[in-house]
Each structure stands twice: as C-alpha cells, then as structure tokens.
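Report on the structure given below.
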Amino acid sequence: MASFLKRGSTWQYRIKYTDPLTKKQNKISKGGFKTKKEAQKSALEVEKKVLNGLEIDNTPISLKHYLTIG
C-alpha cells in the first residue's frame, strides 16, 4: 500500500512490501511529482509490478535462492 507525502512543492510516494525470497521488509520511494494524482498513478504501476512479482531489485541474489525459485 502506498503512502503519499508533500515535500515542499512536490509529491512523493512510498511503498512498503515484503520480499518473497528473503522475507525482509523493503521500501520503494520516488518523488518529484507536480501533483498528488501523478504520484498516485506512478505508485499504482509500481504496486502492480510488485504484486505480480516483477519487481527487480538491484541487490545480488545468492545461487541458493536462485536455484530454489526455479
């Protein structure tokens, strides 16, 4: 679920989710939106990716985890 903050004259969203592989809580945030509606639209797209398992994390994955998901 996303939360929205107004920082100065721009809007920011934050999304919290649990990584299914590591079971750790992660956060995604992005700012610089001119309106809250723009931030909501962008957050909805990111939430869809996270729910569908398409979120790509830039952290390296261990071979053990890679082999267990395949």
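By order of appearance in the structure tokens: chains A, B, ..., then residues from 1 within every chain, and ligands from 1 in the order shown.
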* Asked: When DSSP works through the backbone of this structure, what residues of chain A end up as strand (DSSP E), shown as a list in words?
  ->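 Written out, the strand (DSSP E) residues of chain A are Ala2, Ser3, Phe4, Leu5, Lys6, Arg7, Thr10, Trp11, Gln12, Tyr13, Arg14, Ile15, Lys16, Tyr17, Thr18, Gln25, Asn26, Lys27, Ile28, Ser29, Lys30, Gly31, Gly32 and Phe33 of chain A.
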* Asked: At what distance in Å, to one decimal, does CA of Gly53 (chain A) lie from CA of Lys34 (chain A)?
  -> 28.6 Å
* Asked: Which polymer residues have any atom within 8 Å of an atom of Gln40 (chain A), counting only C-alpha atoms, with same-chain residues fewer than 4 positions away left out, as a PyMOL selection string?
  -> chain A and resi 4+13+36+44
Dump as a PDB file, in the first residue's frame, selection limited to N, CA, C and O atoms:
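Wrote again-v6.pdb, looks like this:
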ATOM      1  N   PHE A   4       1.529   8.811   0.602  1.00  0.00           N
ATOM      2  CA  PHE A   4       1.913   9.985  -0.173  1.00  0.00           C
ATOM      3  C   PHE A   4       2.263  11.133   0.755  1.00  0.00           C
ATOM      4  O   PHE A   4       1.597  11.353   1.766  1.00  0.00           O
ATOM      5  N   TYR A  13       5.808   9.326  -3.240  1.00  0.00           N
ATOM      6  CA  TYR A  13       5.119   8.132  -2.754  1.00  0.00           C
ATOM      7  C   TYR A  13       6.118   7.199  -2.096  1.00  0.00           C
ATOM      8  O   TYR A  13       7.305   7.219  -2.405  1.00  0.00           O
ATOM      9  N   LYS A  36      -0.433  15.293  -6.684  1.00  0.00           N
ATOM     10  CA  LYS A  36      -0.651  14.043  -5.965  1.00  0.00           C
ATOM     11  C   LYS A  36      -1.188  12.973  -6.916  1.00  0.00           C
ATOM     12  O   LYS A  36      -0.839  11.809  -6.813  1.00  0.00           O
ATOM     13  N   LEU A  44       0.684   3.303  -8.394  1.00  0.00           N
ATOM     14  CA  LEU A  44      -0.179   2.187  -8.784  1.00  0.00           C
ATOM     15  C   LEU A  44       0.547   1.254  -9.747  1.00  0.00           C
ATOM     16  O   LEU A  44       0.455   0.029  -9.618  1.00  0.00           O
TER      17      LEU A  44
END
* **Polymer residues at most 7 Å from Ile15 (chain A), only C-alpha atoms, same-chain spacing of 3 or more positions, as a list in words** =>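 The residues that qualify are Met1, Ala2, Ser3, Lys27, Ile28 and Ser29 of chain A.
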* To do: Excluding region 63-67 of chain A and residues on its chain fewer than 3 positions from it, collect all residues at most 12 Å away from it, counting only C-alpha atoms, and give them as an MDAnalysis selection string.
  => chainID A and resid 20:23 60 70
Residues just named, written with all heavy atoms as an mmCIF file, in the first residue's frame:
data_model
loop_
_atom_site.group_PDB
_atom_site.id
_atom_site.type_symbol
_atom_site.label_atom_id
_atom_site.label_comp_id
_atom_site.auth_asym_id
_atom_site.auth_seq_id
_atom_site.Cartn_x
_atom_site.Cartn_y
_atom_site.Cartn_z
ATOM 1 N N PRO A 20 9.418 -11.830 -1.199
ATOM 2 C CA PRO A 20 9.058 -13.238 -1.004
ATOM 3 C C PRO A 20 10.250 -14.173 -0.831
ATOM 4 O O PRO A 20 10.121 -15.222 -0.216
ATOM 5 C CB PRO A 20 8.265 -13.595 -2.260
ATOM 6 C CG PRO A 20 8.610 -12.563 -3.253
ATOM 7 C CD PRO A 20 9.028 -11.337 -2.499
ATOM 8 N N LEU A 21 11.411 -13.800 -1.341
ATOM 9 C CA LEU A 21 12.588 -14.664 -1.217
ATOM 10 C C LEU A 21 13.266 -14.518 0.136
ATOM 11 O O LEU A 21 13.583 -15.503 0.795
ATOM 12 C CB LEU A 21 13.601 -14.348 -2.317
ATOM 13 C CG LEU A 21 13.193 -14.700 -3.733
ATOM 14 C CD1 LEU A 21 14.265 -14.245 -4.710
ATOM 15 C CD2 LEU A 21 12.961 -16.183 -3.860
ATOM 16 N N THR A 22 13.503 -13.287 0.538
ATOM 17 C CA THR A 22 14.259 -13.052 1.759
ATOM 18 C C THR A 22 13.382 -12.806 2.978
ATOM 19 O O THR A 22 13.878 -12.775 4.095
ATOM 20 C CB THR A 22 15.184 -11.834 1.584
ATOM 21 O OG1 THR A 22 14.382 -10.673 1.324
ATOM 22 C CG2 THR A 22 16.167 -12.048 0.446
ATOM 23 N N LYS A 23 12.084 -12.591 2.750
ATOM 24 C CA LYS A 23 11.113 -12.303 3.827
ATOM 25 C C LYS A 23 11.450 -11.011 4.563
ATOM 26 O O LYS A 23 11.060 -10.817 5.693
ATOM 27 C CB LYS A 23 11.013 -13.460 4.828
ATOM 28 C CG LYS A 23 10.736 -14.811 4.210
ATOM 29 C CD LYS A 23 9.395 -14.849 3.570
ATOM 30 C CE LYS A 23 9.116 -16.261 3.076
ATOM 31 N NZ LYS A 23 8.342 -16.336 1.902
ATOM 32 N N PRO A 60 22.361 -8.267 -5.376
ATOM 33 C CA PRO A 60 22.678 -9.591 -5.920
ATOM 34 C C PRO A 60 21.909 -10.690 -5.198
ATOM 35 O O PRO A 60 21.609 -10.581 -4.011
ATOM 36 C CB PRO A 60 24.179 -9.732 -5.691
ATOM 37 C CG PRO A 60 24.593 -8.625 -4.808
ATOM 38 C CD PRO A 60 23.484 -7.631 -4.746
ATOM 39 N N GLY A 70 13.517 -21.618 -9.128
ATOM 40 C CA GLY A 70 13.376 -22.175 -10.472
ATOM 41 C C GLY A 70 12.768 -23.488 -10.491
ATOM 42 O O GLY A 70 11.887 -24.092 -10.280
#
* **d(CA of Asn52 (chain A), CA of Lys24 (chain A)) in Å** => 17.4 Å
* Can you tell me, as a ChimeraX atom specification, what residues are no more than 8 Å from Ala39 (chain A) when counting only C-alpha atoms, ignoring any on the same chain fewer than 3 positions away? -> /A:4,11-13,31,33,35-36,42-43
* **Nearest candidate to Tyr17 (chain A) (options A:Glu45, A:Lys30, A:Leu51, A:Glu38; using only C-alpha atoms)** =>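 Under the stated criterion, the closest residue is A:Leu51.
Residues of chain A carrying a DSSP assignment of helix (DSSP H, G or I), computed from the backbone, are Lys36, Lys37, Glu38, Ala39, Gln40, Lys41, Ser42, Ala43, Leu44, Glu45, Val46, Glu47, Lys48, Lys49, Val50, Leu51, Leu63, Lys64, His65, Tyr66, Leu67, Thr68 and Ile69 of chain A.
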* Mind pulling up the distance from CA of Leu5 (chain A) to CA of Asp19 (chain A)? -> 23.6 Å
